[in-house]
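Participant: File query.txt follows (compact mmCIF, C-alpha atoms):
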# COMPACT_ATOMS: atom_id res chain seq x y z
CA MET A 115 27.31 89.35 -92.51
CA THR A 116 30.00 86.85 -93.31
CA GLU A 117 31.26 86.36 -89.77
CA PRO A 118 29.25 84.38 -87.27
CA LEU A 119 27.70 86.41 -84.51
CA ARG A 120 30.17 86.43 -81.66
CA ILE A 121 28.62 86.60 -78.27
CA LEU A 122 30.51 89.00 -76.04
CA PRO A 123 33.71 87.66 -74.48
CA GLN A 124 33.43 85.63 -71.36
CA ARG A 125 33.84 87.72 -68.32
CA LEU A 126 35.82 86.60 -65.35
CA GLU A 127 33.85 88.58 -62.84
CA THR A 128 35.85 88.87 -59.69
CA ASP A 129 35.55 90.69 -56.47
CA SER A 130 38.47 91.35 -54.19
CA GLU A 131 37.84 88.08 -52.35
CA SER A 132 37.75 85.70 -55.27
CA VAL A 133 40.12 87.56 -57.58
CA GLU A 134 43.11 85.51 -56.51
CA LYS A 135 41.41 82.22 -57.27
CA ASP A 136 39.97 83.41 -60.57
CA LEU A 137 43.24 84.81 -61.82
CA PHE A 138 44.96 81.65 -60.75
CA LYS A 139 42.45 79.63 -62.76
CA LEU A 140 43.33 81.66 -65.83
CA VAL A 141 47.06 81.28 -65.28
CA LEU A 142 46.76 77.55 -64.62
CA THR A 143 44.71 77.17 -67.77
CA VAL A 144 47.45 78.73 -69.84
CA ILE A 145 50.12 76.60 -68.14
CA GLU A 146 48.03 73.46 -68.69
CA LEU A 147 47.61 74.38 -72.34
CA VAL A 148 51.34 74.77 -72.79
CA ARG A 149 51.98 71.52 -70.96
CA GLN A 150 49.58 69.60 -73.18
CA LEU A 151 51.05 71.12 -76.32
CA MET A 152 54.56 70.19 -75.13
CA GLU A 153 53.40 66.62 -74.64
CA LYS A 154 51.81 66.47 -78.07
CA GLN A 155 54.97 67.78 -79.67
CA ALA A 156 57.14 65.36 -77.67
CA LEU A 157 55.04 62.42 -78.82
CA ARG A 158 55.32 63.64 -82.40
CA ARG A 159 59.12 63.83 -82.12
CA VAL A 160 59.30 60.36 -80.57
CA ASP A 161 57.17 59.04 -83.45
CA GLU A 162 59.47 60.65 -85.98
CA GLY A 163 62.19 58.40 -84.58
CA ASP A 164 65.08 60.86 -84.64
CA LEU A 165 65.65 60.95 -80.87
CA THR A 166 68.14 58.86 -78.89
CA ASP A 167 66.92 56.60 -76.09
CA ASP A 168 68.40 59.03 -73.56
CA GLN A 169 66.56 61.94 -75.13
CA VAL A 170 63.27 60.03 -75.06
CA GLU A 171 63.82 59.08 -71.42
CA GLY A 172 64.73 62.66 -70.52
CA LEU A 173 61.69 64.09 -72.30
CA GLY A 174 59.41 61.60 -70.63
CA MET A 175 60.81 62.21 -67.15
CA GLY A 176 60.52 65.97 -67.59
CA LEU A 177 56.94 65.77 -68.80
CA MET A 178 56.00 63.32 -66.07
CA HIS A 179 57.28 65.69 -63.40
CA LEU A 180 55.49 68.57 -65.11
CA GLU A 181 52.24 66.64 -65.00
CA GLN A 182 52.74 65.91 -61.32
CA ALA A 183 53.57 69.57 -60.56
CA MET A 184 50.41 70.59 -62.40
CA GLN A 185 48.35 68.14 -60.37
CA GLU A 186 49.78 69.54 -57.15
CA LEU A 187 48.91 73.09 -58.21
CA LYS A 188 45.37 72.04 -59.06
CA ASP A 189 45.02 70.21 -55.76
CA ARG A 190 46.28 73.20 -53.80
CA TYR A 191 43.65 75.43 -55.30
CA ASP A 192 41.02 72.72 -55.34
CA LEU A 193 40.57 72.83 -59.11
CA THR A 194 39.85 70.00 -61.49
CA THR A 195 40.90 69.96 -65.13
CA ALA A 196 37.28 70.67 -65.99
CA ASP A 197 37.38 73.84 -63.89
CA LEU A 198 40.29 75.08 -65.98
CA ASN A 199 38.43 74.64 -69.21
CA ILE A 200 37.55 78.27 -69.51
CA ASP A 201 35.09 78.94 -72.29
CA LEU A 202 36.96 79.61 -75.47
CA GLY A 203 34.10 79.13 -77.88
CA PRO A 204 35.10 78.44 -81.44
CA LEU A 205 38.28 76.65 -80.38
CA GLY A 206 36.16 73.99 -78.79
CA THR A 207 37.42 72.94 -75.42
CA LEU A 208 40.75 74.60 -74.93
CA LEU A 209 42.10 71.55 -73.19
CA SER A 210 41.67 68.36 -75.13
CA GLU A 211 40.99 66.27 -72.05
CA MET B 110 16.67 51.95 -71.58
CA THR B 111 17.34 54.61 -74.17
CA GLU B 112 15.36 57.80 -73.81
CA VAL B 113 14.73 59.66 -77.00
CA GLU B 114 13.32 63.11 -76.52
CA THR B 115 10.71 63.25 -79.20
CA ARG B 116 8.53 66.21 -78.69
CA SER B 117 5.82 67.64 -80.85
CA GLU B 118 6.36 71.36 -80.59
CA PRO B 119 3.67 73.24 -82.43
CA ARG B 120 4.62 76.65 -81.10
CA GLY B 121 7.80 78.45 -80.19
CA GLN B 122 9.71 75.73 -78.37
CA ILE B 123 12.73 75.83 -80.62
CA SER B 124 15.77 76.42 -78.44
CA LEU B 125 17.27 79.89 -78.79
CA VAL B 126 20.53 78.52 -80.20
CA ASP B 127 18.67 76.49 -82.85
CA LEU B 128 16.53 79.50 -83.69
CA LEU B 129 19.42 81.95 -83.97
CA ASP B 130 21.42 79.45 -86.06
CA ARG B 131 18.52 79.47 -88.54
CA LEU B 132 17.49 83.12 -88.41
CA LEU B 133 21.01 84.53 -88.61
CA GLY B 134 22.84 83.73 -91.83
CA THR B 135 25.91 82.50 -90.05
CA GLY B 136 24.78 81.35 -86.64
CA VAL B 137 26.19 82.10 -83.26
CA VAL B 138 29.53 81.35 -81.62
CA LEU B 139 31.13 82.36 -78.37
CA ALA B 140 33.99 84.80 -78.69
CA GLY B 141 37.28 83.23 -77.76
CA ASP B 142 38.51 85.83 -75.37
CA VAL B 143 38.32 86.44 -71.67
CA VAL B 144 37.67 89.81 -70.09
CA ILE B 145 38.87 90.08 -66.51
CA SER B 146 36.86 92.46 -64.47
CA LEU B 147 37.05 93.47 -60.84
CA SER B 148 34.11 94.91 -58.95
CA GLY B 149 32.24 95.40 -62.19
CA VAL B 150 35.07 97.29 -63.87
CA ASP B 151 36.54 95.70 -67.00
CA LEU B 152 40.29 95.79 -66.70
CA VAL B 153 42.06 93.38 -68.97
CA GLU B 154 41.15 91.46 -72.11
CA VAL B 155 43.10 88.28 -72.65
CA ARG B 156 43.22 87.17 -76.27
CA LEU B 157 43.82 83.51 -75.68
CA HIS B 158 42.76 82.78 -79.23
CA ALA B 159 45.68 84.79 -80.58
CA LEU B 160 48.06 83.13 -78.12
CA ILE B 161 46.99 79.66 -79.08
CA THR B 162 47.07 80.38 -82.79
CA THR B 163 50.63 81.63 -82.49
CA VAL B 164 51.85 78.62 -80.55
CA ARG B 165 50.27 76.18 -82.95
CA ALA B 166 51.64 77.94 -86.02
CA GLU B 167 55.10 77.76 -84.53
CA MET B 168 54.65 74.10 -83.78
CA ARG B 169 53.62 73.36 -87.34
CA ALA B 170 56.64 75.20 -88.70
CA GLU B 171 58.88 73.31 -86.28
CA GLY B 172 57.33 70.01 -87.30
CA THR B 173 58.02 70.49 -91.02
CA ALA B 174 61.48 72.01 -90.60
CA ARG B 175 63.04 68.71 -89.45
CA MET C 49 6.94 106.26 -84.05
CA GLY C 50 9.83 107.81 -85.93
CA GLU C 51 10.71 106.79 -89.45
CA GLN C 52 9.19 103.42 -90.26
CA GLY C 53 10.31 100.35 -92.10
CA HIS C 54 8.63 97.13 -93.15
CA TYR C 55 9.84 93.94 -91.49
CA LEU C 56 9.47 90.88 -93.68
CA TYR C 57 8.99 87.62 -91.76
CA ALA C 58 8.26 85.10 -94.50
CA VAL C 59 6.93 84.65 -97.99
CA THR C 60 4.04 82.33 -98.72
CA ARG C 61 1.25 82.01 -101.28
CA GLY C 62 -2.48 81.48 -101.49
CA LEU C 63 -3.08 83.01 -98.09
CA GLU C 64 -6.70 83.34 -96.94
CA PRO C 65 -7.31 86.90 -95.72
CA SER C 66 -8.25 85.82 -92.20
CA ALA C 67 -5.61 83.11 -91.85
CA LEU C 68 -3.22 85.21 -89.77
CA SER C 69 -5.80 87.11 -87.74
CA GLY C 70 -4.69 85.55 -84.46
CA ALA C 71 -1.06 86.53 -84.83
CA SER C 72 0.73 89.82 -84.51
CA GLY C 73 4.21 91.04 -85.30
CA LEU C 74 7.06 92.69 -83.44
CA ARG C 75 6.11 95.11 -80.68
CA GLY C 76 2.47 94.03 -81.08
CA GLU C 77 2.11 95.59 -84.50
CA PRO C 78 -0.50 93.97 -86.75
CA LEU C 79 0.59 91.72 -89.59
CA ARG C 80 0.03 92.84 -93.15
CA VAL C 81 0.13 90.76 -96.32
CA LEU C 82 1.44 92.15 -99.60
CA GLU C 83 0.55 90.05 -102.62
CA HIS C 84 2.70 90.20 -105.72
CA ARG C 85 2.87 87.86 -108.71
CA GLY C 86 1.35 84.95 -106.84
CA LEU C 87 3.55 85.35 -103.77
CA ALA C 88 2.44 86.79 -100.43
CA ALA C 89 4.86 88.74 -98.24
CA VAL C 90 4.01 88.77 -94.54
CA LEU C 91 5.05 92.09 -93.02
CA SER C 92 4.68 94.40 -90.09
CA THR C 93 5.75 97.97 -89.47
CA VAL C 94 8.81 98.62 -87.36
CA ASP C 95 10.52 101.72 -86.07
CA LEU C 96 13.79 102.46 -87.83
CA ASP C 97 15.12 103.90 -84.56
CA GLU C 98 15.24 100.30 -83.47
CA PHE C 99 15.64 98.45 -86.77
CA GLY C 100 17.57 100.88 -88.96
CA GLU C 101 21.06 99.93 -90.08
CA GLU C 102 22.97 101.62 -87.27
CA ALA C 103 20.59 100.58 -84.50
CA LEU C 104 20.54 97.02 -85.82
CA HIS C 105 24.29 96.81 -85.72
CA ARG C 106 24.20 97.63 -82.02
CA HIS C 107 21.24 95.42 -81.25
CA LEU C 108 22.63 92.39 -83.02
CA GLU C 109 25.22 92.12 -80.27
CA ASP C 110 22.63 92.30 -77.53
CA LEU C 111 21.54 88.78 -76.73
CA ALA C 112 18.45 89.87 -74.84
CA TRP C 113 17.22 91.96 -77.77
CA LEU C 114 18.05 89.15 -80.19
CA GLU C 115 16.10 86.66 -78.16
CA GLU C 116 13.01 88.87 -78.07
CA VAL C 117 13.09 89.58 -81.79
CA ALA C 118 13.92 85.98 -82.75
CA ARG C 119 10.99 84.66 -80.71
CA ALA C 120 8.57 87.18 -82.22
CA HIS C 121 9.87 86.41 -85.71
CA ASP C 122 9.54 82.68 -85.11
CA SER C 123 6.02 83.08 -83.81
CA VAL C 124 4.96 84.73 -87.07
CA VAL C 125 6.78 82.12 -89.16
CA GLN C 126 5.04 79.37 -87.20
CA ALA C 127 1.63 80.99 -87.81
CA VAL C 128 2.30 81.29 -91.55
CA SER C 129 3.72 77.78 -91.73
CA ALA C 130 0.64 76.37 -90.03
CA VAL C 131 -1.57 77.40 -92.95
CA GLY C 132 0.67 76.73 -95.93
CA ALA C 133 4.17 76.48 -97.37
CA ALA C 134 6.41 79.23 -95.97
CA ALA C 135 9.82 80.55 -96.96
CA PRO C 136 11.12 82.22 -93.78
CA MET C 137 13.33 85.28 -94.04
CA ARG C 138 16.51 85.88 -92.09
CA LEU C 139 16.20 87.98 -88.97
CA ALA C 140 15.84 91.70 -89.64
CA THR C 141 14.98 91.69 -93.34
CA ILE C 142 13.65 95.21 -93.57
CA PHE C 143 12.42 97.42 -96.40
CA GLN C 144 11.81 101.13 -96.63
CA SER C 145 8.73 100.78 -98.81
CA ASP C 146 6.27 98.35 -100.36
CA ASP C 147 7.95 98.95 -103.72
CA GLY C 148 11.15 97.69 -102.15
CA VAL C 149 9.34 94.54 -101.05
CA ARG C 150 7.92 94.01 -104.53
CA ALA C 151 11.33 94.52 -106.09
CA ARG C 152 12.82 91.85 -103.80
CA LEU C 153 9.95 89.49 -104.62
CA ASP C 154 10.67 90.04 -108.32
CA GLU C 155 14.36 89.37 -107.81
CA LEU C 156 13.74 86.18 -105.86
CA HIS C 157 10.55 85.09 -107.58
CA ASP C 158 11.78 81.84 -109.08
CA ALA C 159 13.90 80.91 -106.09
CA LEU C 160 11.02 81.57 -103.70
CA THR C 161 8.59 79.57 -105.82
CA ALA C 162 11.04 76.66 -105.89
CA ALA C 163 11.50 76.91 -102.13
CA LEU C 164 7.76 76.90 -101.50
CA ASP C 165 7.30 73.92 -103.81
CA ARG C 166 10.07 72.12 -101.94
CA VAL C 167 8.50 72.55 -98.52
CA GLU C 168 4.78 72.29 -99.33
CA GLY C 169 3.23 69.79 -96.89
CA ARG C 170 6.59 69.17 -95.21
CA ARG C 171 8.15 70.12 -91.89
CA GLU C 172 11.66 70.29 -90.51
CA TRP C 173 12.91 67.88 -87.86
CA SER C 174 16.15 68.34 -85.95
CA VAL C 175 18.20 65.32 -84.88
CA LYS C 176 21.33 65.77 -82.83
CA ALA C 177 23.96 63.32 -81.64
CA PHE C 178 26.84 63.68 -79.21
CA ALA C 179 30.20 62.11 -78.48
CA PRO C 180 30.08 60.04 -75.30
CA ASP C 181 31.38 61.71 -72.18
CA ARG C 182 34.96 60.62 -71.60
CA ARG C 183 36.42 59.87 -68.24
CA VAL C 184 39.92 61.32 -68.01
CA ALA C 185 42.54 59.08 -66.45
CA ALA C 186 43.94 60.53 -63.24
CA ALA C 187 47.58 61.57 -63.31
CA GLU C 188 49.79 58.81 -61.97
CA PRO C 189 52.43 59.81 -59.45
CA ALA C 190 55.84 60.47 -61.02
CA SER C 191 58.35 57.69 -60.57
CA THR C 192 62.12 57.85 -60.46
CA ASP C 193 62.65 54.27 -61.69
CA PRO C 194 64.91 54.09 -64.72
CA GLY C 195 62.96 53.82 -67.93
CA SER C 196 59.89 55.42 -66.41
CA GLY C 197 60.26 58.49 -68.65
CA ALA C 198 59.94 56.37 -71.75
CA ALA C 199 57.10 54.44 -70.09
CA TYR C 200 55.30 57.71 -69.36
CA LEU C 201 55.46 58.68 -73.03
CA ARG C 202 54.21 55.26 -74.09
CA ARG C 203 51.26 55.64 -71.71
CA LYS C 204 50.46 59.08 -73.08
CA LYS C 205 50.69 57.76 -76.62
CA ALA C 206 48.25 54.98 -75.78
CA GLN C 207 45.83 57.49 -74.25
CA THR C 208 46.05 59.66 -77.36
CA MET C 209 45.30 56.69 -79.58
CA GLU C 210 42.34 55.74 -77.41
CA ARG C 211 41.01 59.28 -77.59
CA GLN C 212 41.39 59.33 -81.37
CA THR C 213 39.64 55.99 -81.71
CA ALA C 214 36.80 57.18 -79.51
CA GLU C 215 36.47 60.34 -81.63
CA GLU C 216 36.45 58.32 -84.84
CA GLU C 217 33.83 55.98 -83.48
CA ALA C 218 31.64 58.87 -82.39
CA MET C 219 31.93 60.52 -85.81
CA SER C 220 31.18 57.34 -87.66
CA ALA C 221 28.13 56.69 -85.47
CA ALA C 222 26.94 60.22 -86.29
CA ASP C 223 27.50 59.58 -90.00
CA ALA C 224 25.57 56.31 -89.81
CA VAL C 225 22.65 58.00 -88.05
CA HIS C 226 22.59 60.84 -90.56
CA HIS C 227 22.69 58.55 -93.58
CA ALA C 228 19.93 56.37 -92.21
CA LEU C 229 17.71 59.38 -91.54
CA ALA C 230 18.54 61.03 -94.86
CA ALA C 231 17.13 57.96 -96.57
CA GLN C 232 13.85 58.48 -94.71
CA CYS C 233 13.09 62.02 -95.75
CA VAL C 234 12.73 64.35 -98.71
CA ALA C 235 15.86 66.42 -98.03
CA SER C 236 18.49 66.70 -95.32
CA ARG C 237 21.31 68.97 -94.22
CA ARG C 238 24.09 68.74 -91.68
CA LEU C 239 24.37 72.01 -89.87
CA ARG C 240 27.42 73.18 -87.96
CA PRO C 241 27.62 71.46 -84.55
CA GLN C 242 26.80 73.78 -81.67
CA ASP C 243 29.14 74.85 -78.92
CA PRO C 244 28.44 72.91 -75.70
CA ARG C 245 28.62 76.08 -73.69
CA LEU C 246 25.85 77.66 -75.73
CA THR C 247 23.60 74.63 -75.47
CA GLY C 248 24.44 73.42 -71.99
CA HIS C 249 25.15 69.91 -73.20
CA ASP C 250 28.01 67.74 -72.04
CA GLY C 251 30.37 66.63 -74.72
CA THR C 252 30.89 67.51 -78.34
CA MET C 253 27.93 67.57 -80.71
CA THR C 254 28.71 65.15 -83.54
CA LEU C 255 25.53 65.58 -85.56
CA ASN C 256 23.32 68.63 -86.00
CA GLY C 257 21.01 67.29 -88.67
CA ALA C 258 18.00 68.96 -90.26
CA TYR C 259 15.51 66.75 -92.07
CA LEU C 260 12.60 67.74 -94.32
CA VAL C 261 9.80 65.24 -93.70
CA ALA C 262 6.31 65.04 -95.21
CA GLU C 263 3.68 65.78 -92.59
CA ASP C 264 2.06 62.38 -92.97
CA GLU C 265 5.41 60.62 -92.56
CA ALA C 266 6.37 62.27 -89.30
CA SER C 267 5.63 59.28 -87.15
CA SER C 268 7.59 56.84 -89.28
CA PHE C 269 10.52 59.29 -89.23
CA THR C 270 10.47 59.60 -85.46
CA ALA C 271 10.12 55.82 -85.17
CA ALA C 272 13.27 55.47 -87.28
CA ALA C 273 15.06 57.99 -85.06
CA THR C 274 14.03 56.06 -81.96
CA ARG C 275 15.40 52.84 -83.48
CA LEU C 276 18.69 54.58 -84.28
CA ALA C 277 18.88 55.93 -80.74
CA GLU C 278 18.56 52.37 -79.46
CA GLU C 279 21.27 51.17 -81.84
CA HIS C 280 23.61 53.96 -80.74
CA PRO C 281 22.90 54.53 -77.05
CA ASP C 282 26.19 56.38 -76.44
CA ALA C 283 25.25 59.00 -79.00
CA ARG C 284 22.51 60.47 -76.75
CA ILE C 285 20.36 61.23 -79.77
CA GLU C 286 17.85 64.06 -79.48
CA VAL C 287 14.92 64.63 -81.80
CA HIS C 288 13.00 67.92 -82.02
CA GLY C 289 10.18 69.04 -84.24
CA PRO C 290 8.11 69.55 -86.24
CA TRP C 291 9.41 73.00 -87.02
CA PRO C 292 8.82 75.37 -89.92
CA PRO C 293 11.26 74.47 -92.72
CA TYR C 294 13.91 77.07 -91.83
CA SER C 295 16.81 75.04 -93.11
CA PHE C 296 15.16 74.23 -96.43
CA ALA C 297 13.38 77.36 -97.53
CA THR C 298 15.37 80.28 -96.14
CA LEU C 299 17.20 81.80 -99.05
CA GLU C 300 20.78 83.03 -98.76
CA GLN C 301 20.33 86.72 -99.23
CA PRO C 302 22.75 88.97 -101.08
Translate this structure into structure tokens?
Facilitator:
Amino acid sequence: MTEPLRILPQRLETDSESVEKDLFKLVLTVIELVRQLMEKQALRRVDEGDLTDDQVEGLGMGLMHLEQAMQELKDRYDLTTADLNIDLGPLGTLLSE
Amino acid sequence: MTEVETRSEPRGQISLVDLLDRLLGTGVVLAGDVVISLSGVDLVEVRLHALITTVRAEMRAEGTAR
Amino acid sequence: MGEQGHYLYAVTRGLEPSALSGASGLRGEPLRVLEHRGLAAVLSTVDLDEFGEEALHRHLEDLAWLEEVARAHDSVVQAVSAVGAAAPMRLATIFQSDDGVRARLDELHDALTAALDRVEGRREWSVKAFAPDRRVAAAEPASTDPGSGAAYLRRKKAQTMERQTAEEEAMSAADAVHHALAAQCVASRRLRPQDPRLTGHDGTMTLNGAYLVAEDEASSFTAAATRLAEEHPDARIEVHGPWPPYSFATLEQP
């Protein structure tokens, strides 16, 4: 055995009543992941110093609106960032915050 | 006031995770996937691990290309 | 029972015949001791329908089965460890015959003897530390003021730096705790940190330390751990033990 024992995948058990909310949680998690990765990459590019002031401003505005849109989605479905942190095991917390 | 849990455990009170880490050569991890099931029927497996790996690899390539 | 195998729990030496009379093995089977070249193998009979290669493969993914077997295995290791130095075996170390057991003892003779010497009169203690729980800043409402895009990025950068600093501080606290404890014991190891969702803890585990401590030094070791916990209150240090010396006498098996 060279691989660690992997406990069976997490199950999103749903019934027809909660399926919408559970699927939405999964979708929001993926969106939130992408959003955070976009921010990390944007910060990296800003640090590298090869962007114009306009580009930096545009990036920042776009990401700021994205963060706000994300917050509105979470509020609508009554989900916190912690709720979205679906167990992904060896990756640690999927979302870094 | 700091509480330190210091217990003397002469018999069998090792947590299961600690025990399995020691009894299995390589320990225990959670699988990084999600299975979506409805009414007890497994329907879809989402390999988020593969998705994330792909995105990050692309980001690294992008970062060094400039 | 169908075809039978021999489950090896641990290897010890100098075992009194009646020492393990109170304990029993998996599925209530009696324990048996096989002596060979000064070593004593502690065994019980198991059904290969349950413990044979194919069945094992299935069972090893069944957490309920694993828990039952791990607890029974540990209970035997604890009984052996209570009366002398013990080298525990990995879960499901199974032989088809006593000759197979003897052959393994021959193969591992020197390594087992060294392991037993290493842990004689000593027990394992577990000390864990954690990164402090972080409060996430709430998202500020988006602004349309000029320059607020750049300001947003500066804010995010500052938050990233804060998070990195907090992580570095947590890691260096864990290192400090480990080094201080390592100086207080015979041997130490840092094990892989455990997933919070497996353990039910909040926050990342920064230290999963195993420490081999002489039996008569246990209280000075725990006193040192208590002092460290007071010096690093955010680390939420946990101390568990004494345990059999799993992390110091279990051999990596081929």
Participant: Contacts of Pro189 in chain C at 10 Å or less, counting only C-alpha atoms, minus same-chain residues fewer than 5 places along, as an MDAnalysis selection string?
Facilitator: chainID A and resid 178:179 181:183 185
Participant: Please, what is the axis-aligned box for every listed atom of range 188-195 of chain A with 6 Å on each side, as centre and edge lengths in Å to one decimal, as lines of an AutoDock Vina configuration file?
Facilitator:
center_x = 43.1
center_y = 72.7
center_z = -59.5
size_x = 18.4
size_y = 17.5
size_z = 23.3
Participant: Using only C-alpha atoms, find the one residue out of C:Pro292, C:Pro281, C:Gly248, C:Gly86 that sits nearest to Arg131 in chain B.
Facilitator: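 Of the candidates, the smallest distance to Arg131 in chain B is held by C:Pro292.
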Participant: Leaving out Gly62 in chain C and any residue of its chain fewer than 6 positions from it, which residues lie within 9 Å of it when counting all atoms listed in the file, given as a list in words?
Facilitator: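 Listing them by chain and then by number gives Gly86, Leu87, Ala88 and Gly132 of chain C.
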Participant: With a distance threshold of 10 Å and counting only C-alpha atoms, extract the residues of chain C near chain B and express them as number ranges by chain.
Facilitator: C: 108, 114-116, 118-127, 130, 136-140, 173-175, 239-240, 242-243, 245-247, 256, 270-271, 273-282, 284-295, 298-301
Participant: One number please: CA of Met175 in chain A to CA of Ala190 in chain C, in Å, one decimal.
Facilitator: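 Here the two named atoms are 8.1 Å from each other.
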Participant: Looking at only C-alpha atoms, which of C:Asp193, C:Val128, C:Val234, C:Gly257 is the one that sits closest to Gly70 in chain C?
Facilitator: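 Looking at the shortest contact to Gly70 in chain C, the residue is C:Val128.
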Participant: Please indicate the distance in Å from CA of Asp97 in chain C to CA of Glu83 in chain C, rounded to one decimal place.
Facilitator: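 According to the coordinates, CA of Asp97 in chain C and CA of Glu83 in chain C are separated by 27.0 Å.
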Participant: Compile the contact shell of Tyr200 in chain C as an NGL selection string: residues with an atom at most 12 Å away, counting all atoms listed in the file, same-chain residues fewer than 5 positions apart removed.
Facilitator: (:A and (153 or 156-157 or 170-182)) or (:C and (187-195 or 205-207))
Participant: For each of C:Arg170, C:Arg106, C:Arg237, C:Arg202, take the minimum atom-to-atom distance to Ala134 in chain C, counting only C-alpha atoms, then give the residue where this is smallest.
Facilitator: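 Residue with the minimum atom-to-atom distance to Ala134 in chain C: C:Arg170.
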Participant: Which is closer to Gly53 in chain C than all the others in C:Leu111, C:Val149, C:Ala135, C:Ala224, using all atoms listed in the file?
Facilitator: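 Of all the options, C:Val149 lies closest to Gly53 in chain C.
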Participant: To one decimal place, how far is CA of Arg85 in chain C from CA of Ser145 in chain C in Å?
Facilitator: 17.3 Å
Participant: List the neighbours of His84 in chain C out to 12 Å using only C-alpha atoms; skip same-chain residues closer than 2 positions along the sequence, and give me the result as a list in words.
Facilitator: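 Non-adjacent residues within range: Val59, Thr60, Arg61, Gly62, Leu63, Val81, Leu82, Gly86, Leu87, Ala88, Ala89, Val90, Asp146, Asp147, Gly148, Val149, Arg150, Ala151, Arg152, Leu153, Asp154, Glu155, Leu156 and His157 of chain C.
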